[in-house]
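Student: Here you go, one structure.
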Amino acid sequence: MVAGSVRSVSYPVTYTRKIRYSDTDAQGIVFNANYLRYVDDAIVDYFDALTVNWSQMNERGYDLVLGRAEIDFRSPGRLGDVLSTGVRVESVGTSSIVFDISIVDATDRLVVAGKEIQVMVDHQTYEKSAVPPWFVEAVEELQGPVEWKGRS
C-alpha cells in the first residue's frame with residue numbers, strides 16, 4: 001500500500017499485483033471478475049491507511065456494502081504484467097461513498113477505469129445509515145478535500 005500516481009491522477013493508495021496464471025482465463029488475459037477482486041484489495045488497503053480503519057468503523061457501529069460497480073475495460077492485463085490499482089474517494093453522498101478507480105500496467109497503460117459506490121450501513125442491522133462526519137474527516141486527512149453532500 002503506497003500513495004502514487006496512476007494516469008497523472010494522484011491516488012492516496014495503490015495496490016500492486018503481479019498477474020499469475022490463476023488470474024487469467026482461456027484467452028490468456030485477466031478474467032474480468034478478477035479486476036473487482038483487485039479493486040476490493042485496494043479499498044481494504046485504503047481503509048488500512050485511514051486514521052479510522054475498517055475494524056474501528058465496525059466498532060463504532062458502521063459498515064459498508066457494495067451498491068454498484070462500474071468497470072470500463074480499456075486494454076487486457078496479461079500473465080506476468082504488474083498491475084497497479086489506484087483508489088480514492090471521489091465524493092460522499094448522504095449514505096454513499098463513491099470510489100474512483102484506475103488500474104494500469106507498469107508503463108501506465110490504462111487497463112481498467114471505474115467506480116464503486118459503497119453504501120454506509122448499520123453494522124448490526126445492515127440498514128442504510130448516514131455517513132458520519134468523522135469518516136469524512138479521516139478521508140480528507142488522507143487525501144484532501146472531497147465533495148460531501150452531507151456537509152453542513
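Residues are named by chain letter and number: chains run A, B, ... in the order of the C-alpha cells, numbers start at 1 in each chain, and ligands are numbered from 1 in the order shown.
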From a DSSP pass on the backbone, collect the residues of stretch 45-121 of chain A flagged as strand (DSSP E) and hand them back as a PyMOL selection string.
Tutor: chain A and resi 62-73+82-92+96-104+110-121
Student: I want to know what sits within 9 Å of A:Ile19, based on only C-alpha atoms, with residues of the same chain fewer than 3 positions away left out; could you give that as a list of chain:residue names?
Tutor: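 Result of the neighbour search: A:Ser22, A:Asp23, A:Thr24, A:Val30, A:Gly77, A:Arg78, A:Leu79, A:Gly80, A:Asp81, A:Val82, A:Leu83.
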Student: Would you save the residues of that selection, restricted to N, CA and C atoms, as a PDB file, in the first residue's frame?
Tutor:
```pdb
ATOM      1  N   SER A  22      -3.265 -18.112 -12.380  1.00  0.00           N
ATOM      2  CA  SER A  22      -4.612 -18.296 -11.819  1.00  0.00           C
ATOM      3  C   SER A  22      -5.504 -17.068 -12.012  1.00  0.00           C
ATOM      4  N   ASP A  23      -4.925 -15.923 -12.382  1.00  0.00           N
ATOM      5  CA  ASP A  23      -5.711 -14.711 -12.649  1.00  0.00           C
ATOM      6  C   ASP A  23      -6.292 -14.697 -14.059  1.00  0.00           C
ATOM      7  N   THR A  24      -5.766 -15.536 -14.927  1.00  0.00           N
ATOM      8  CA  THR A  24      -6.127 -15.452 -16.346  1.00  0.00           C
ATOM      9  C   THR A  24      -7.181 -16.489 -16.732  1.00  0.00           C
ATOM     10  N   VAL A  30      -6.435 -11.414 -18.097  1.00  0.00           N
ATOM     11  CA  VAL A  30      -7.045 -11.421 -16.769  1.00  0.00           C
ATOM     12  C   VAL A  30      -8.546 -11.641 -16.910  1.00  0.00           C
ATOM     13  N   GLY A  77      -5.053  -7.069 -19.351  1.00  0.00           N
ATOM     14  CA  GLY A  77      -3.956  -7.435 -18.470  1.00  0.00           C
ATOM     15  C   GLY A  77      -3.563  -8.856 -18.820  1.00  0.00           C
ATOM     16  N   ARG A  78      -2.265  -9.114 -18.848  1.00  0.00           N
ATOM     17  CA  ARG A  78      -1.784 -10.428 -19.269  1.00  0.00           C
ATOM     18  C   ARG A  78      -0.861 -11.050 -18.220  1.00  0.00           C
ATOM     19  N   LEU A  79      -0.690 -12.349 -18.338  1.00  0.00           N
ATOM     20  CA  LEU A  79       0.197 -13.103 -17.455  1.00  0.00           C
ATOM     21  C   LEU A  79       1.550 -12.399 -17.359  1.00  0.00           C
ATOM     22  N   GLY A  80       2.009 -12.167 -16.129  1.00  0.00           N
ATOM     23  CA  GLY A  80       3.303 -11.531 -15.897  1.00  0.00           C
ATOM     24  C   GLY A  80       3.248 -10.017 -15.770  1.00  0.00           C
ATOM     25  N   ASP A  81       2.175  -9.394 -16.240  1.00  0.00           N
ATOM     26  CA  ASP A  81       2.046  -7.939 -16.065  1.00  0.00           C
ATOM     27  C   ASP A  81       2.014  -7.608 -14.583  1.00  0.00           C
ATOM     28  N   VAL A  82       2.527  -6.449 -14.247  1.00  0.00           N
ATOM     29  CA  VAL A  82       2.392  -5.924 -12.901  1.00  0.00           C
ATOM     30  C   VAL A  82       1.380  -4.793 -12.992  1.00  0.00           C
ATOM     31  N   LEU A  83       0.230  -4.992 -12.358  1.00  0.00           N
ATOM     32  CA  LEU A  83      -0.848  -4.010 -12.416  1.00  0.00           C
ATOM     33  C   LEU A  83      -0.941  -3.252 -11.104  1.00  0.00           C
TER      34      LEU A  83
END
```
Student: Taking 4 positions as the minimum chain separation for residues in the same chain, which residues sit within 7 Å of stretch 89-105 of chain A when counting only C-alpha atoms? Answer as a PDB file with N, CA and C atoms, in the first residue's frame.
Tutor:
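The resulting file, out14.pdb, is reproduced below:
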```
ATOM      1  N   VAL A   6      -1.393   7.410 -10.943  1.00  0.00           N
ATOM      2  CA  VAL A   6      -1.838   6.491 -11.982  1.00  0.00           C
ATOM      3  C   VAL A   6      -2.505   7.378 -13.028  1.00  0.00           C
ATOM      4  N   ASP A  81       2.175  -9.394 -16.240  1.00  0.00           N
ATOM      5  CA  ASP A  81       2.046  -7.939 -16.065  1.00  0.00           C
ATOM      6  C   ASP A  81       2.014  -7.608 -14.583  1.00  0.00           C
ATOM      7  N   VAL A  82       2.527  -6.449 -14.247  1.00  0.00           N
ATOM      8  CA  VAL A  82       2.392  -5.924 -12.901  1.00  0.00           C
ATOM      9  C   VAL A  82       1.380  -4.793 -12.992  1.00  0.00           C
ATOM     10  N   LEU A  83       0.230  -4.992 -12.358  1.00  0.00           N
ATOM     11  CA  LEU A  83      -0.848  -4.010 -12.416  1.00  0.00           C
ATOM     12  C   LEU A  83      -0.941  -3.252 -11.104  1.00  0.00           C
ATOM     13  N   SER A  84      -1.155  -1.948 -11.205  1.00  0.00           N
ATOM     14  CA  SER A  84      -1.353  -1.100 -10.033  1.00  0.00           C
ATOM     15  C   SER A  84      -2.771  -0.576 -10.062  1.00  0.00           C
ATOM     16  N   THR A  85      -3.466  -0.749  -8.941  1.00  0.00           N
ATOM     17  CA  THR A  85      -4.837  -0.274  -8.795  1.00  0.00           C
ATOM     18  C   THR A  85      -4.808   0.952  -7.900  1.00  0.00           C
ATOM     19  N   ARG A 109      -0.099   2.132 -18.947  1.00  0.00           N
ATOM     20  CA  ARG A 109      -1.171   1.830 -19.902  1.00  0.00           C
ATOM     21  C   ARG A 109      -2.440   1.554 -19.109  1.00  0.00           C
ATOM     22  N   LEU A 110      -3.523   2.245 -19.451  1.00  0.00           N
ATOM     23  CA  LEU A 110      -4.786   2.060 -18.747  1.00  0.00           C
ATOM     24  C   LEU A 110      -5.395   0.713 -19.112  1.00  0.00           C
ATOM     25  N   VAL A 111      -5.643  -0.096 -18.103  1.00  0.00           N
ATOM     26  CA  VAL A 111      -6.251  -1.412 -18.283  1.00  0.00           C
ATOM     27  C   VAL A 111      -7.731  -1.341 -17.921  1.00  0.00           C
ATOM     28  N   VAL A 112      -8.040  -0.739 -16.783  1.00  0.00           N
ATOM     29  CA  VAL A 112      -9.425  -0.621 -16.310  1.00  0.00           C
ATOM     30  C   VAL A 112      -9.621   0.757 -15.682  1.00  0.00           C
ATOM     31  N   ALA A 113     -10.762   1.366 -15.969  1.00  0.00           N
ATOM     32  CA  ALA A 113     -11.195   2.581 -15.271  1.00  0.00           C
ATOM     33  C   ALA A 113     -12.560   2.277 -14.689  1.00  0.00           C
ATOM     34  N   GLY A 114     -12.862   2.839 -13.541  1.00  0.00           N
ATOM     35  CA  GLY A 114     -14.173   2.537 -12.978  1.00  0.00           C
ATOM     36  C   GLY A 114     -14.487   3.300 -11.718  1.00  0.00           C
ATOM     37  N   LYS A 115     -15.606   2.919 -11.155  1.00  0.00           N
ATOM     38  CA  LYS A 115     -16.089   3.495  -9.904  1.00  0.00           C
ATOM     39  C   LYS A 115     -16.767   2.384  -9.111  1.00  0.00           C
ATOM     40  N   GLU A 116     -16.699   2.524  -7.808  1.00  0.00           N
ATOM     41  CA  GLU A 116     -17.501   1.684  -6.923  1.00  0.00           C
ATOM     42  C   GLU A 116     -18.272   2.601  -6.004  1.00  0.00           C
ATOM     43  N   ILE A 117     -19.525   2.287  -5.821  1.00  0.00           N
ATOM     44  CA  ILE A 117     -20.346   3.019  -4.862  1.00  0.00           C
ATOM     45  C   ILE A 117     -20.593   2.086  -3.689  1.00  0.00           C
ATOM     46  N   GLN A 118     -20.062   2.481  -2.544  1.00  0.00           N
ATOM     47  CA  GLN A 118     -20.247   1.731  -1.314  1.00  0.00           C
ATOM     48  C   GLN A 118     -21.300   2.450  -0.478  1.00  0.00           C
ATOM     49  N   VAL A 119     -22.182   1.704   0.155  1.00  0.00           N
ATOM     50  CA  VAL A 119     -23.266   2.265   0.958  1.00  0.00           C
ATOM     51  C   VAL A 119     -22.961   2.052   2.433  1.00  0.00           C
ATOM     52  N   MET A 120     -23.053   3.135   3.203  1.00  0.00           N
ATOM     53  CA  MET A 120     -22.832   3.070   4.655  1.00  0.00           C
ATOM     54  C   MET A 120     -24.068   2.444   5.289  1.00  0.00           C
ATOM     55  N   LYS A 128     -29.468   1.113   5.855  1.00  0.00           N
ATOM     56  CA  LYS A 128     -28.730   2.279   5.386  1.00  0.00           C
ATOM     57  C   LYS A 128     -28.540   3.287   6.510  1.00  0.00           C
ATOM     58  N   SER A 129     -27.368   3.918   6.540  1.00  0.00           N
ATOM     59  CA  SER A 129     -27.043   4.872   7.592  1.00  0.00           C
ATOM     60  C   SER A 129     -26.351   6.084   6.975  1.00  0.00           C
ATOM     61  N   ALA A 130     -26.503   7.238   7.587  1.00  0.00           N
ATOM     62  CA  ALA A 130     -25.816   8.447   7.119  1.00  0.00           C
ATOM     63  C   ALA A 130     -24.311   8.297   7.338  1.00  0.00           C
ATOM     64  N   VAL A 131     -23.538   8.836   6.402  1.00  0.00           N
ATOM     65  CA  VAL A 131     -22.089   8.832   6.547  1.00  0.00           C
ATOM     66  C   VAL A 131     -21.737   9.792   7.687  1.00  0.00           C
ATOM     67  N   VAL A 146     -12.909  16.421  -0.185  1.00  0.00           N
ATOM     68  CA  VAL A 146     -13.787  15.696  -1.108  1.00  0.00           C
ATOM     69  C   VAL A 146     -15.152  16.380  -1.098  1.00  0.00           C
ATOM     70  N   GLU A 147     -15.876  16.192  -2.199  1.00  0.00           N
ATOM     71  CA  GLU A 147     -17.247  16.694  -2.258  1.00  0.00           C
ATOM     72  C   GLU A 147     -18.090  15.847  -1.304  1.00  0.00           C
ATOM     73  N   TRP A 148     -18.800  16.508  -0.395  1.00  0.00           N
ATOM     74  CA  TRP A 148     -19.630  15.801   0.567  1.00  0.00           C
ATOM     75  C   TRP A 148     -20.996  16.469   0.628  1.00  0.00           C
ATOM     76  N   LYS A 149     -22.008  15.754   0.155  1.00  0.00           N
ATOM     77  CA  LYS A 149     -23.365  16.286   0.119  1.00  0.00           C
ATOM     78  C   LYS A 149     -23.959  16.435   1.517  1.00  0.00           C
ATOM     79  N   GLY A 150     -23.427  15.710   2.496  1.00  0.00           N
ATOM     80  CA  GLY A 150     -23.954  15.766   3.853  1.00  0.00           C
ATOM     81  C   GLY A 150     -23.310  16.842   4.714  1.00  0.00           C
TER      82      GLY A 150
END
```
Student: Name all residues at most 9 Å from A:Ala138 (count only C-alpha atoms; drop same-chain ones fewer than 6 positions away) and give them as a PyMOL selection string.
Tutor: chain A and resi 50-52
Student: So that I have them on file, write out the residues from the current selection with C-alpha atoms, as an mmCIF file, in the first residue's frame.
Tutor:
```
data_model
loop_
_atom_site.group_PDB
_atom_site.id
_atom_site.type_symbol
_atom_site.label_atom_id
_atom_site.label_comp_id
_atom_site.auth_asym_id
_atom_site.auth_seq_id
_atom_site.Cartn_x
_atom_site.Cartn_y
_atom_site.Cartn_z
ATOM 1 C CA LEU A 50 -7.253 5.848 7.206
ATOM 2 C CA THR A 51 -6.980 7.059 10.803
ATOM 3 C CA VAL A 52 -10.228 5.116 11.372
#
```
Student: From chain A, collect each residue whose DSSP state is helix (DSSP H, G or I) and return the set as a ChimeraX atom specification.
Tutor: /A:21-23,32-49,54-59,133-143
Student: Find the residue from A:Ser75, A:Gly86, A:Gln56, A:Asp122 that sits nearest to A:Tyr38; use only C-alpha atoms when measuring.
Tutor: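 Smallest separation from A:Tyr38 among the options: A:Gly86.
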Student: Between atom CA of A:Gln124 and atom CA of A:Asp63, measure the distance and give it in Å to one decimal.
Tutor: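 About the pair atom CA of A:Gln124 and atom CA of A:Asp63: they are 8.7 Å apart.
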Student: Could you give me, as an MDAnalysis selection string, the residues within 8 Å of A:His123, counting only C-alpha atoms and dropping anything in the same chain fewer than 3 positions from it?
Tutor: chainID A and resid 58 61:63 126
Student: Residues at most 9 Å from A:Ala42, counting only C-alpha atoms, excluding those fewer than 4 positions away in the same chain, as a PyMOL selection string?
Tutor: chain A and resi 1+13-16+37-38+46-47+85-87
Student: What separation in Å, quoted to one decimal, exists between atom CA of A:Phe31 and atom CA of A:Ser10?
Tutor: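 The value is 26.8 Å.
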Student: For A:Asn53, which of A:Leu142, A:Leu66, A:Ala33, A:Val39 is the closest residue, counting only C-alpha atoms?
Tutor: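 Once distances to A:Asn53 are computed over only C-alpha atoms, the minimum belongs to A:Leu142.
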Student: For the atom pair atom CA of A:Leu64 and atom CA of A:Glu137, what is the interatomic distance in Å to one decimal place?
Tutor: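 For atom CA of A:Leu64 relative to atom CA of A:Glu137, the distance reads 16.7 Å.
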Student: Which one of A:Val65, A:Glu140, A:Pro145, A:Ile71 sits closest to A:Glu127 if you count only C-alpha atoms?
Tutor: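 Looking only at the distances to A:Glu127, the closest residue turns out to be A:Val65.
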